[in-house]
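To start, the structure under review is shown below, and the notes come after it.
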Amino acid sequence: MTKKSKKEKKVELDKLNESLSFRTKRRVVLEFPPNVVQTPITYMLAKEYDIISNILRAEIAPEESGKLVLEMDGLSDRLDEAIEKIRGYGIEVTEIARKVAFDMDKCMHCGACISVCLAGALKLDENYHLQFIEPKCTVCEMCVPTCPVDAVTIDI
Amino acid sequence: MRTFEEINEKIKNSKIKVLTALEAKNYIKEKGINSFSSDIDVVTCASFEMHTNALLYLSFGQTDPMIYFQEVSVNGVPAYPTGPTDIAISCVSSSKDDINYSGANILEDLLLGKNLHLKAVGKHSGVFPNREFETWFNLKDVNQSRLLLNQSLNQNNIVACNSSDNDINSHMGTLIGKLENSTFNSSTFLNPLINDPFCKTIGVGTSVWIAGSRGVIVGHGSSHNPNQKRNEYGIPVGPSITLSSIVDISSMNPKWVKPGHIQSFGPVLFISVAIAIPVLNKEIAECLSITDDKIHTTIVDFSIPRRTKPTFGQCTYAELRTSTVSINNKPTLTAPLTSMAYSIESCNELKNDILNKKFILSKPTSEINMGVELKKLDAKLGELV
């Protein structure tokens with residue numbers, strides 16, 4: 001009995017690993033009109049679509065329109081379904097395809113961009129050189145005008 | 001223990017022992033101060049900071065027929081005539097057509113060998129009849145080209161933060177409201193004036209390395225405030241001594257000159273300034289052992305745009321380098337505005353110049369004035385009484 005359950009567990013784990021490997025990440029901006037601000041989006045995503053949602057930025061107040069920057073981690077077709085469902089609530093969904101690009105020939109490693117990166121995607125390494133940790137970037141674009149030598153641009 | 005003459009003799013005989021400021025700190029940590037002061041002759045210190053008090057002086061030959069400049073512009077940047085065919089260009093004045101093109105860009109373009117457009121209106125007198133003049137010139141067509149950095153070195157600086165509700169775009173970068181972030185602007189343990197806090201080896205006439213060219217210190221500079229409060233290690237806790245330098249730009253390396261633009265503040269010049277500090281005696285060796293945990297600075301709140309701003313106490317640069325600092329009991333993101341990477345490279349560059357006998361030290365002819373008080377400029381309305 002115990003052996004079987006162990007085997008079963010292993011099969012389950014393999015399945016889970018397999019499904020995880022097909023998971024993709026997508027970044028979206030959700031804009032809530034005032035009447036649907038109370039909708040519990042992240043719970044719905046987890047429960048119905050098995051999507052891990054990571055809130056990168058949120059500006060939501062009751063009775064006011066809100067904005068949510070979300071990283072959704074799930075199976076690609078389920079992500080599509082989920083986005084359709086969110087749109088059904090009357091929430092505007094825009095996918096972030098933009099990327100921040102650093103021209104390291106222009107960069108002089110001063111650190112001005114680090115001071116406005118509240119997401120923590122920028123830091124100096126032990127040799128005081130600028131390091132860009134892209135997975136952490138929320139594409140808030142604060143660093144673009146802050147750079148004194150125009151080394152930061154937005155790639156679309 | 002050592003004199004300037006002995007050190008220069010060693011440079012000529014290739015017997016000189018030079019370390020950069022970064023190497024010197026590690027050396028002292030490993031082998032101790034006694035071994036350091038007996039073995040090492042010179043330590044190179046540098047700072048790659050933002051400059052606004054910079055003036056470019058260009059001296060041209062005479063035109064035919066002769067001209068006395070009245071109104072001049074170079075690539076659209078207004079220049080100030082200082083004699084018949086001399087002009088001064090502020091590195092922080094922008095072109096009329098393109099706000100992002102400034103005097104600092106002119107300096108960079110000259111160093112890159114580019115051709116610039118000069119447009120002049122003459123005074124039109126009997127001896128100087130030329131009314132209008134236009135030409136293209138590059139660095140080779142100029143008789144003399146000098147750069148005055150009136151705040152070439154700044155001993156210490158502040159930490160800027162913002163406690164108001166709105167974001168502020170300042171000369172210390174974008175400060176997000178409610179103490180979300182803060183910035184600091186000093187090369188700290190690499191800065192020559194931190195390594196020689198009382199100007200024991202630096203004075204009027206000291207050779208200074210500016211972007212690869214050899215300049216000279218002419219005295220104290222803008223906002224020089226030697227009376228600033230100092231901590232127990234002799235380091236001022238805010239902006240203090242500043243030095244003014246003049247340098248010939250013709251042998252500069254454009255790598256160390258970067259024109260910049262700060263949001264809602266305007267054009268600035270980033271330029272590398274380095275000084276070689278001779279280890280004359282043990283006292284100077286001890287000053288050179290300073291590290292970030294012994295350098296304090298003041299946290300200033302930029303939310304009130306007045307001359308005297310509220311402060312949030314002091315912190316050390318060692319805390320600031322961890323990128324989080326506690327301001328008003330709130331953990332705040334903090335980041336530098338001075339390039340440490342370029343400062344370290346500049347230290348290495350000066351070290352190589354000394355090893356290759358391209359740079360020799362010079363003894364100051366007189367001391368930096370440490371008795372002056374920082375004056376304020378107040379408005380006086382009405383007529384002079």
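Chain labels run A, B, ... following the order of the structure tokens; each chain numbers its residues from 1, and ligands are numbered from 1 in the order shown.
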
Problem - For B:Pro364: contacts at 12 Å, only C-alpha atoms, fewer than 6 positions along chain excluded, given as a ChimeraX atom specification - result: /B:4,199-208,216-219,277-278

Exercise for the section: Looking only at alpha helix (DSSP H) from DSSP on the backbone, list the matching residues of chain A as a ChimeraX atom specification. Expected result: /A:2-21,41-49,76-88,143-146

Keeping only N, CA and C atoms, write the selected residues as a short mmCIF file (atom, residue, chain, number, x, y, z; two decimals), in the first residue's frame.
data_model
loop_
_atom_site.label_atom_id
_atom_site.label_comp_id
_atom_site.auth_asym_id
_atom_site.auth_seq_id
_atom_site.Cartn_x
_atom_site.Cartn_y
_atom_site.Cartn_z
N THR A 2 1.84 1.22 0.92
CA THR A 2 2.71 2.40 1.02
C THR A 2 3.55 2.58 -0.24
N LYS A 3 4.01 1.39 -0.78
CA LYS A 3 4.82 1.44 -2.00
C LYS A 3 4.06 2.08 -3.14
N LYS A 4 2.79 1.59 -3.29
CA LYS A 4 1.94 2.07 -4.38
C LYS A 4 1.74 3.59 -4.28
N SER A 5 1.45 3.99 -3.07
CA SER A 5 1.17 5.42 -2.90
C SER A 5 2.41 6.26 -3.23
N LYS A 6 3.56 5.67 -2.91
CA LYS A 6 4.81 6.37 -3.25
C LYS A 6 4.96 6.52 -4.75
N LYS A 7 4.67 5.38 -5.46
CA LYS A 7 4.74 5.41 -6.92
C LYS A 7 3.77 6.43 -7.48
N GLU A 8 2.57 6.36 -6.96
CA GLU A 8 1.53 7.29 -7.41
C GLU A 8 1.99 8.73 -7.22
N LYS A 9 2.58 8.94 -6.04
CA LYS A 9 3.07 10.30 -5.73
C LYS A 9 4.09 10.74 -6.76
N LYS A 10 4.97 9.75 -7.13
CA LYS A 10 6.03 10.08 -8.09
C LYS A 10 5.44 10.46 -9.43
N VAL A 11 4.44 9.66 -9.86
CA VAL A 11 3.77 9.95 -11.14
C VAL A 11 3.15 11.35 -11.08
N GLU A 12 2.51 11.61 -9.95
CA GLU A 12 1.88 12.92 -9.79
C GLU A 12 2.90 14.05 -9.88
N LEU A 13 4.02 13.81 -9.21
CA LEU A 13 5.08 14.81 -9.19
C LEU A 13 5.63 15.05 -10.59
N ASP A 14 5.82 13.93 -11.35
CA ASP A 14 6.30 14.04 -12.72
C ASP A 14 5.32 14.86 -13.56
N LYS A 15 4.05 14.55 -13.37
CA LYS A 15 3.01 15.28 -14.11
C LYS A 15 3.10 16.77 -13.81
N LEU A 16 3.26 17.03 -12.52
CA LEU A 16 3.33 18.43 -12.07
C LEU A 16 4.53 19.13 -12.70
N ASN A 17 5.67 18.41 -12.67
CA ASN A 17 6.89 18.98 -13.26
C ASN A 17 6.71 19.25 -14.74
N GLU A 18 6.05 18.26 -15.39
CA GLU A 18 5.82 18.39 -16.83
C GLU A 18 4.96 19.62 -17.10
N SER A 19 3.89 19.72 -16.32
CA SER A 19 2.99 20.85 -16.55
C SER A 19 3.70 22.17 -16.22
N LEU A 20 4.57 22.13 -15.20
CA LEU A 20 5.30 23.35 -14.84
C LEU A 20 6.21 23.79 -15.97
N SER A 21 6.80 22.82 -16.67
CA SER A 21 7.72 23.18 -17.73
C SER A 21 7.00 23.84 -18.90
N ILE A 41 -9.76 39.26 -8.26
CA ILE A 41 -9.15 38.69 -9.46
C ILE A 41 -8.16 37.56 -9.14
N THR A 42 -7.24 37.81 -8.24
CA THR A 42 -6.15 36.83 -8.03
C THR A 42 -6.68 35.50 -7.50
N TYR A 43 -7.72 35.55 -6.68
CA TYR A 43 -8.32 34.31 -6.17
C TYR A 43 -8.90 33.51 -7.32
N MET A 44 -9.65 34.22 -8.19
CA MET A 44 -10.27 33.58 -9.35
C MET A 44 -9.20 32.94 -10.24
N LEU A 45 -8.08 33.66 -10.44
CA LEU A 45 -7.02 33.14 -11.30
C LEU A 45 -6.43 31.86 -10.73
N ALA A 46 -6.23 31.83 -9.44
CA ALA A 46 -5.63 30.66 -8.80
C ALA A 46 -6.61 29.49 -8.79
N LYS A 47 -7.83 29.77 -8.41
CA LYS A 47 -8.83 28.71 -8.21
C LYS A 47 -9.27 28.11 -9.54
N GLU A 48 -9.60 28.94 -10.51
CA GLU A 48 -10.21 28.43 -11.74
C GLU A 48 -9.19 28.12 -12.83
N TYR A 49 -8.11 28.85 -12.86
CA TYR A 49 -7.19 28.68 -13.99
C TYR A 49 -5.80 28.21 -13.58
N SER A 76 -0.20 28.22 -21.17
CA SER A 76 -0.45 29.30 -22.12
C SER A 76 -1.92 29.41 -22.52
N ASP A 77 -2.62 28.24 -22.80
CA ASP A 77 -4.02 28.36 -23.22
C ASP A 77 -4.91 28.82 -22.06
N ARG A 78 -4.54 28.39 -20.84
CA ARG A 78 -5.32 28.80 -19.68
C ARG A 78 -5.15 30.31 -19.41
N LEU A 79 -3.96 30.82 -19.73
CA LEU A 79 -3.71 32.26 -19.59
C LEU A 79 -4.63 33.05 -20.52
N ASP A 80 -4.76 32.53 -21.78
CA ASP A 80 -5.64 33.19 -22.74
C ASP A 80 -7.07 33.22 -22.23
N GLU A 81 -7.51 32.03 -21.70
CA GLU A 81 -8.88 31.94 -21.17
C GLU A 81 -9.08 32.92 -20.03
N ALA A 82 -8.07 32.97 -19.15
CA ALA A 82 -8.18 33.84 -17.96
C ALA A 82 -8.27 35.31 -18.36
N ILE A 83 -7.48 35.70 -19.36
CA ILE A 83 -7.49 37.10 -19.80
C ILE A 83 -8.86 37.45 -20.39
N GLU A 84 -9.44 36.48 -21.15
CA GLU A 84 -10.79 36.70 -21.70
C GLU A 84 -11.79 36.91 -20.57
N LYS A 85 -11.67 36.04 -19.53
CA LYS A 85 -12.58 36.11 -18.39
C LYS A 85 -12.47 37.47 -17.68
N ILE A 86 -11.21 37.94 -17.50
CA ILE A 86 -11.02 39.23 -16.82
C ILE A 86 -11.65 40.34 -17.65
N ARG A 87 -11.47 40.24 -18.97
CA ARG A 87 -12.06 41.26 -19.86
C ARG A 87 -13.58 41.26 -19.72
N GLY A 88 -14.15 40.06 -19.49
CA GLY A 88 -15.59 39.91 -19.30
C GLY A 88 -16.13 40.72 -18.14
N CYS A 143 13.41 54.74 -14.90
CA CYS A 143 14.84 54.89 -15.12
C CYS A 143 15.15 55.62 -16.42
N VAL A 144 14.19 55.62 -17.37
CA VAL A 144 14.47 56.17 -18.71
C VAL A 144 14.81 57.67 -18.65
N PRO A 145 13.93 58.52 -18.07
CA PRO A 145 14.29 59.94 -18.03
C PRO A 145 15.35 60.28 -16.98
N THR A 146 15.58 59.38 -16.02
CA THR A 146 16.54 59.66 -14.95
C THR A 146 17.98 59.57 -15.43
#

Handout entry: Contact residues (chain A, partner chain B, 8 Å, only C-alpha atoms) as a list in words
Key =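 My answer is Met108, His109, Cys110, Gly111, Ala112, Ile114, Ser115, Val116, Leu118, Asn127, Tyr128, His129, Pro145, Thr146, Cys147, Pro148 and Val149 of chain A.
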
Selection from above, all heavy atoms, as a tab-separated table (two decimals), in the first residue's frame, can you write it?
chain	number	residue	atom	x	y	z
A	108	MET	N	27.81	55.01	-17.63
A	108	MET	CA	29.03	55.30	-16.87
A	108	MET	C	28.90	54.81	-15.44
A	108	MET	O	29.66	55.23	-14.58
A	108	MET	CB	29.36	56.79	-16.96
A	108	MET	CG	28.20	57.65	-16.59
A	108	MET	SD	28.59	59.37	-16.87
A	108	MET	CE	27.15	60.11	-16.17
A	109	HIS	N	27.92	53.95	-15.20
A	109	HIS	CA	27.75	53.28	-13.90
A	109	HIS	C	27.59	54.27	-12.74
A	109	HIS	O	28.12	54.04	-11.66
A	109	HIS	CB	28.93	52.33	-13.62
A	109	HIS	CG	29.28	51.47	-14.79
A	109	HIS	ND1	28.55	50.37	-15.14
A	109	HIS	CD2	30.27	51.58	-15.72
A	109	HIS	CE1	29.08	49.82	-16.22
A	109	HIS	NE2	30.12	50.54	-16.60
A	110	CYS	N	26.89	55.39	-12.98
A	110	CYS	CA	26.77	56.38	-11.91
A	110	CYS	C	25.77	55.93	-10.86
A	110	CYS	O	25.98	56.19	-9.68
A	110	CYS	CB	26.41	57.74	-12.48
A	110	CYS	SG	24.76	57.86	-13.16
A	111	GLY	N	24.69	55.30	-11.25
A	111	GLY	CA	23.74	54.80	-10.26
A	111	GLY	C	22.47	55.61	-10.16
A	111	GLY	O	21.62	55.32	-9.32
A	112	ALA	N	22.30	56.63	-11.01
A	112	ALA	CA	21.08	57.46	-10.96
A	112	ALA	C	19.82	56.61	-11.18
A	112	ALA	O	18.79	56.86	-10.56
A	112	ALA	CB	21.17	58.58	-11.98
A	114	ILE	N	19.40	53.49	-10.38
A	114	ILE	CA	19.15	52.58	-9.26
A	114	ILE	C	18.25	53.26	-8.23
A	114	ILE	O	17.39	52.63	-7.62
A	114	ILE	CB	20.49	52.17	-8.61
A	114	ILE	CG1	21.39	51.52	-9.64
A	114	ILE	CG2	20.26	51.22	-7.44
A	114	ILE	CD1	22.79	51.26	-9.16
A	115	SER	N	18.44	54.60	-8.09
A	115	SER	CA	17.70	55.30	-7.05
A	115	SER	C	16.20	55.34	-7.30
A	115	SER	O	15.43	55.51	-6.38
A	115	SER	CB	18.25	56.73	-6.91
A	115	SER	OG	17.91	57.48	-8.04
A	116	VAL	N	15.76	55.18	-8.56
A	116	VAL	CA	14.33	55.23	-8.84
A	116	VAL	C	13.75	53.84	-9.09
A	116	VAL	O	12.55	53.70	-9.34
A	116	VAL	CB	13.99	56.15	-10.03
A	116	VAL	CG1	14.25	57.60	-9.67
A	116	VAL	CG2	14.75	55.75	-11.26
A	118	LEU	N	12.32	51.07	-7.72
A	118	LEU	CA	11.76	50.53	-6.48
A	118	LEU	C	11.53	49.02	-6.58
A	118	LEU	O	11.37	48.34	-5.57
A	118	LEU	CB	10.46	51.24	-6.13
A	118	LEU	CG	10.59	52.76	-5.92
A	118	LEU	CD1	9.24	53.36	-5.59
A	118	LEU	CD2	11.56	53.09	-4.79
A	127	ASN	N	32.23	45.34	-8.16
A	127	ASN	CA	33.18	46.24	-8.83
A	127	ASN	C	32.53	47.56	-9.21
A	127	ASN	O	33.05	48.29	-10.05
A	127	ASN	CB	33.74	45.57	-10.10
A	127	ASN	CG	34.56	44.37	-9.76
A	127	ASN	OD1	35.30	44.35	-8.78
A	127	ASN	ND2	34.41	43.32	-10.54
A	128	TYR	N	31.39	47.85	-8.62
A	128	TYR	CA	30.64	49.09	-8.86
A	128	TYR	C	30.16	49.23	-10.30
A	128	TYR	O	30.05	50.33	-10.81
A	128	TYR	CB	31.46	50.32	-8.43
A	128	TYR	CG	31.92	50.29	-7.00
A	128	TYR	CD1	33.21	49.92	-6.67
A	128	TYR	CD2	31.05	50.64	-5.97
A	128	TYR	CE1	33.63	49.88	-5.35
A	128	TYR	CE2	31.46	50.61	-4.65
A	128	TYR	CZ	32.75	50.22	-4.35
A	128	TYR	OH	33.16	50.20	-3.04
A	129	HIS	N	29.92	48.12	-10.98
A	129	HIS	CA	29.35	48.17	-12.32
A	129	HIS	C	27.85	47.91	-12.24
A	129	HIS	O	27.40	47.10	-11.43
A	129	HIS	CB	30.02	47.15	-13.24
A	129	HIS	CG	31.38	47.57	-13.70
A	129	HIS	ND1	32.52	47.22	-13.03
A	129	HIS	CD2	31.77	48.34	-14.73
A	129	HIS	CE1	33.57	47.75	-13.64
A	129	HIS	NE2	33.13	48.45	-14.67
A	145	PRO	N	13.93	58.52	-18.07
A	145	PRO	CA	14.29	59.94	-18.03
A	145	PRO	C	15.35	60.28	-16.98
A	145	PRO	O	15.97	61.33	-17.05
A	145	PRO	CB	12.97	60.64	-17.69
A	145	PRO	CG	12.18	59.62	-16.97
A	145	PRO	CD	12.59	58.29	-17.49
A	146	THR	N	15.58	59.38	-16.02
A	146	THR	CA	16.54	59.66	-14.95
A	146	THR	C	17.98	59.57	-15.43
A	146	THR	O	18.85	60.23	-14.88
A	146	THR	CB	16.32	58.68	-13.78
A	146	THR	OG1	14.94	58.69	-13.45
A	146	THR	CG2	17.12	59.06	-12.57
A	147	CYS	N	18.23	58.75	-16.46
A	147	CYS	CA	19.61	58.55	-16.92
A	147	CYS	C	20.17	59.84	-17.51
A	147	CYS	O	19.61	60.38	-18.47
A	147	CYS	CB	19.65	57.44	-17.96
A	147	CYS	SG	21.33	57.18	-18.55
A	148	PRO	N	21.27	60.37	-16.96
A	148	PRO	CA	21.81	61.63	-17.49
A	148	PRO	C	22.45	61.50	-18.86
A	148	PRO	O	22.60	62.50	-19.56
A	148	PRO	CB	22.84	62.05	-16.44
A	148	PRO	CG	23.13	60.86	-15.63
A	148	PRO	CD	22.00	59.90	-15.78
A	149	VAL	N	22.82	60.30	-19.28
A	149	VAL	CA	23.49	60.16	-20.58
A	149	VAL	C	22.64	59.38	-21.60
A	149	VAL	O	23.15	58.93	-22.62
A	149	VAL	CB	24.89	59.51	-20.43
A	149	VAL	CG1	25.84	60.47	-19.76
A	149	VAL	CG2	24.83	58.20	-19.67

Exercise for the section: Would you please give, as number ranges by chain, all residues of chain A that DSSP assigns to strand (DSSP E or B) based on the backbone? Expected result: A: 23-32, 52-59, 66-75, 92-95, 99-102, 122-124, 130-132, 152-155

Env of stretch 89-97 of chain A: 7 Å cut, atoms = only C-alpha atoms, seq-sep filter 5 positions within chain, self excluded. Answer as a short mmCIF file (atom, residue, chain, number, x, y, z; two decimals) with C-alpha atoms, in the first residue's frame.
data_model
loop_
_atom_site.label_atom_id
_atom_site.label_comp_id
_atom_site.auth_asym_id
_atom_site.auth_seq_id
_atom_site.Cartn_x
_atom_site.Cartn_y
_atom_site.Cartn_z
CA ARG A 27 2.87 40.52 -17.67
CA VAL A 28 -0.37 42.45 -17.88
CA VAL A 29 -1.71 45.80 -16.77
CA LEU A 30 -5.28 45.64 -15.47
CA GLU A 31 -7.25 48.86 -15.37
CA PHE A 32 -10.30 48.62 -13.11
CA PRO A 33 -13.30 50.91 -13.57
CA ILE A 156 8.90 47.60 -28.14
#

Exercise for the section: May I have the residues within 8 Å of B:Val247 as a list of chain:residue names, using only C-alpha atoms and disregarding those fewer than 4 positions away in the same chain? Expected result: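 Here the answer would be B:Arg146, B:Leu147, B:Leu148, B:Ile210, B:Ser213, B:Arg214, B:Gly215, B:Val216.
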
Practice task
Measure the distance from atom CA of B:Asn231 to atom CA of B:Ile295 in Å and round it to one decimal.
Solution key: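 Straight-line distance from atom CA of B:Asn231 to atom CA of B:Ile295 works out to 8.0 Å.
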
Handout entry: Residue neighbourhood B:Ala54, 9 Å, only C-alpha atoms, exclusion window fewer than 3 positions, as a ChimeraX atom specification
Key = /B:51,89-92,104,147-152,268-269

Kindly save the residues from that selection, with all heavy atoms included, as a short mmCIF file (atom, residue, chain, number, x, y, z; two decimals), in the first residue's frame.
data_model
loop_
_atom_site.label_atom_id
_atom_site.label_comp_id
_atom_site.auth_asym_id
_atom_site.auth_seq_id
_atom_site.Cartn_x
_atom_site.Cartn_y
_atom_site.Cartn_z
N HIS B 51 29.51 68.00 -12.75
CA HIS B 51 29.97 69.38 -12.56
C HIS B 51 29.01 70.34 -13.24
O HIS B 51 28.54 70.09 -14.34
CB HIS B 51 31.36 69.57 -13.17
CG HIS B 51 32.41 68.79 -12.45
ND1 HIS B 51 33.18 69.34 -11.47
CD2 HIS B 51 32.77 67.50 -12.54
CE1 HIS B 51 34.00 68.40 -11.00
NE2 HIS B 51 33.77 67.30 -11.63
N ILE B 89 32.46 79.79 -22.96
CA ILE B 89 31.19 79.07 -23.08
C ILE B 89 30.93 78.35 -21.77
O ILE B 89 31.78 77.61 -21.27
CB ILE B 89 31.23 78.04 -24.23
CG1 ILE B 89 31.67 78.67 -25.54
CG2 ILE B 89 29.87 77.37 -24.38
CD1 ILE B 89 31.97 77.69 -26.63
N SER B 90 29.78 78.57 -21.21
CA SER B 90 29.41 77.84 -20.00
C SER B 90 29.00 76.43 -20.39
O SER B 90 28.25 76.23 -21.35
CB SER B 90 28.25 78.55 -19.31
OG SER B 90 27.65 77.66 -18.41
N CYS B 91 29.50 75.45 -19.65
CA CYS B 91 29.17 74.07 -19.97
C CYS B 91 27.71 73.75 -19.66
O CYS B 91 27.21 72.70 -20.04
CB CYS B 91 30.09 73.10 -19.22
SG CYS B 91 31.69 72.98 -19.98
N VAL B 92 27.03 74.64 -18.94
CA VAL B 92 25.63 74.35 -18.60
C VAL B 92 24.65 75.23 -19.38
O VAL B 92 23.47 75.26 -19.07
CB VAL B 92 25.36 74.47 -17.09
CG1 VAL B 92 26.12 73.42 -16.32
CG2 VAL B 92 25.71 75.85 -16.56
N ALA B 104 28.75 71.43 -22.56
CA ALA B 104 29.46 70.18 -22.27
C ALA B 104 29.58 69.32 -23.52
O ALA B 104 30.60 68.66 -23.74
CB ALA B 104 28.72 69.40 -21.17
N LEU B 147 39.82 74.81 -19.79
CA LEU B 147 38.59 74.54 -19.05
C LEU B 147 38.81 74.96 -17.61
O LEU B 147 39.80 74.58 -16.98
CB LEU B 147 38.26 73.03 -19.12
CG LEU B 147 37.00 72.59 -18.41
CD1 LEU B 147 35.76 73.07 -19.14
CD2 LEU B 147 36.95 71.07 -18.29
N LEU B 148 37.90 75.81 -17.12
CA LEU B 148 37.95 76.19 -15.71
C LEU B 148 36.87 75.40 -14.98
O LEU B 148 35.69 75.51 -15.31
CB LEU B 148 37.70 77.70 -15.55
CG LEU B 148 37.42 78.18 -14.13
CD1 LEU B 148 38.67 78.09 -13.26
CD2 LEU B 148 36.90 79.59 -14.10
N LEU B 149 37.29 74.56 -14.05
CA LEU B 149 36.33 73.83 -13.22
C LEU B 149 36.36 74.51 -11.85
O LEU B 149 37.32 74.32 -11.10
CB LEU B 149 36.73 72.36 -13.09
CG LEU B 149 36.56 71.49 -14.33
CD1 LEU B 149 37.16 70.12 -14.09
CD2 LEU B 149 35.10 71.36 -14.69
N ASN B 150 35.34 75.30 -11.56
CA ASN B 150 35.42 76.07 -10.33
C ASN B 150 35.02 75.24 -9.10
O ASN B 150 35.11 75.71 -7.98
CB ASN B 150 34.57 77.34 -10.42
CG ASN B 150 35.14 78.44 -9.57
OD1 ASN B 150 36.35 78.56 -9.45
ND2 ASN B 150 34.28 79.19 -8.92
N GLN B 151 34.57 74.01 -9.35
CA GLN B 151 34.34 73.11 -8.23
C GLN B 151 34.84 71.73 -8.66
O GLN B 151 34.09 70.77 -8.68
CB GLN B 151 32.85 73.08 -7.87
CG GLN B 151 32.62 72.82 -6.40
CD GLN B 151 31.15 72.71 -6.08
OE1 GLN B 151 30.51 71.73 -6.46
NE2 GLN B 151 30.60 73.66 -5.36
N SER B 152 36.14 71.72 -9.05
CA SER B 152 36.67 70.49 -9.62
C SER B 152 36.66 69.36 -8.60
O SER B 152 36.52 68.20 -8.96
CB SER B 152 38.08 70.72 -10.15
OG SER B 152 38.91 71.19 -9.12
N VAL B 268 24.64 69.09 -17.54
CA VAL B 268 25.76 68.99 -16.59
C VAL B 268 26.94 68.35 -17.32
O VAL B 268 26.78 67.82 -18.41
CB VAL B 268 25.41 68.12 -15.35
CG1 VAL B 268 24.40 68.80 -14.48
CG2 VAL B 268 24.96 66.75 -15.75
N LEU B 269 28.10 68.44 -16.70
CA LEU B 269 29.30 67.83 -17.28
C LEU B 269 29.83 66.80 -16.28
O LEU B 269 30.04 67.11 -15.11
CB LEU B 269 30.34 68.92 -17.54
CG LEU B 269 31.74 68.46 -17.92
CD1 LEU B 269 31.73 67.83 -19.31
CD2 LEU B 269 32.73 69.62 -17.90
#

Practice task
Point out the residue among B:Met1, B:Ile304, B:Ile33, B:Ile354 with the least atom-to-atom distance to B:Ser163, counting only C-alpha atoms.
Solution key: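 The shortest atom-to-atom distance to B:Ser163 comes from B:Ile304.
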
Problem - Straight-line distance linking atom CA of B:Asn143 with atom CA of B:Gly61, stated in Å to one decimal - result: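 Atom CA of B:Asn143 sits 6.6 Å away from atom CA of B:Gly61.
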
Exercise for the section: For B:Met370, work out the shell of residues within 9 Å, counting only C-alpha atoms and skipping chain neighbours fewer than 5 positions away, then give it as a list in words. Expected result: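 Once the adjacent positions are removed, what remains is Phe198, His220, His224, Asn225, Pro226, Asn227 and Ile241 of chain B.
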
For those residues, write C-alpha atoms to a file as a PDB file, in the first residue's frame.
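The result, stored in again-v3.pdb:
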ATOM      1  CA  PHE B 198      42.992  69.197   5.886  1.00  0.00           C
ATOM      2  CA  HIS B 220      39.437  77.311  -3.364  1.00  0.00           C
ATOM      3  CA  HIS B 224      34.019  76.545  -0.316  1.00  0.00           C
ATOM      4  CA  ASN B 225      33.042  76.126   3.337  1.00  0.00           C
ATOM      5  CA  PRO B 226      36.044  75.034   5.437  1.00  0.00           C
ATOM      6  CA  ASN B 227      34.152  75.758   8.680  1.00  0.00           C
ATOM      7  CA  ILE B 241      36.382  72.311   0.968  1.00  0.00           C
TER       8      ILE B 241
END

Mind checking which residues fall within 12 Å of stretch 305-308 of chain B, counting only C-alpha atoms, ignoring those fewer than 5 positions away in the same chain, and posting them as a PDB file with N, CA, C and O atoms, in the first residue's frame?
ATOM      1  N   ASN B 162      13.164  63.073   0.141  1.00  0.00           N
ATOM      2  CA  ASN B 162      11.989  63.910  -0.062  1.00  0.00           C
ATOM      3  C   ASN B 162      10.837  63.360   0.780  1.00  0.00           C
ATOM      4  O   ASN B 162      10.375  62.260   0.557  1.00  0.00           O
ATOM      5  N   SER B 164       7.889  64.972   1.119  1.00  0.00           N
ATOM      6  CA  SER B 164       6.575  65.475   0.692  1.00  0.00           C
ATOM      7  C   SER B 164       5.798  64.371  -0.042  1.00  0.00           C
ATOM      8  O   SER B 164       6.292  63.267  -0.219  1.00  0.00           O
ATOM      9  N   ILE B 168      10.022  64.904  -6.676  1.00  0.00           N
ATOM     10  CA  ILE B 168      10.775  66.113  -7.010  1.00  0.00           C
ATOM     11  C   ILE B 168      11.894  65.716  -7.962  1.00  0.00           C
ATOM     12  O   ILE B 168      12.623  64.760  -7.699  1.00  0.00           O
ATOM     13  N   ASN B 169      12.016  66.464  -9.068  1.00  0.00           N
ATOM     14  CA  ASN B 169      13.182  66.272  -9.939  1.00  0.00           C
ATOM     15  C   ASN B 169      14.223  67.295  -9.536  1.00  0.00           C
ATOM     16  O   ASN B 169      14.026  68.494  -9.725  1.00  0.00           O
ATOM     17  N   SER B 170      15.311  66.841  -8.961  1.00  0.00           N
ATOM     18  CA  SER B 170      16.317  67.776  -8.449  1.00  0.00           C
ATOM     19  C   SER B 170      17.653  67.483  -9.117  1.00  0.00           C
ATOM     20  O   SER B 170      17.775  66.550  -9.900  1.00  0.00           O
ATOM     21  N   VAL B 300      19.471  65.276   3.958  1.00  0.00           N
ATOM     22  CA  VAL B 300      18.744  66.545   3.805  1.00  0.00           C
ATOM     23  C   VAL B 300      17.412  66.291   3.107  1.00  0.00           C
ATOM     24  O   VAL B 300      17.337  65.548   2.133  1.00  0.00           O
ATOM     25  N   LYS B 376      26.372  84.350   2.048  1.00  0.00           N
ATOM     26  CA  LYS B 376      25.045  84.126   1.472  1.00  0.00           C
ATOM     27  C   LYS B 376      24.689  85.332   0.627  1.00  0.00           C
ATOM     28  O   LYS B 376      25.178  86.442   0.875  1.00  0.00           O
ATOM     29  N   LEU B 377      23.853  85.119  -0.362  1.00  0.00           N
ATOM     30  CA  LEU B 377      23.431  86.229  -1.215  1.00  0.00           C
ATOM     31  C   LEU B 377      21.990  86.582  -0.875  1.00  0.00           C
ATOM     32  O   LEU B 377      21.078  85.789  -1.104  1.00  0.00           O
ATOM     33  N   ASP B 378      21.801  87.754  -0.278  1.00  0.00           N
ATOM     34  CA  ASP B 378      20.460  88.158   0.119  1.00  0.00           C
ATOM     35  C   ASP B 378      19.988  89.327  -0.732  1.00  0.00           C
ATOM     36  O   ASP B 378      20.780  90.160  -1.168  1.00  0.00           O
TER      37      ASP B 378
END
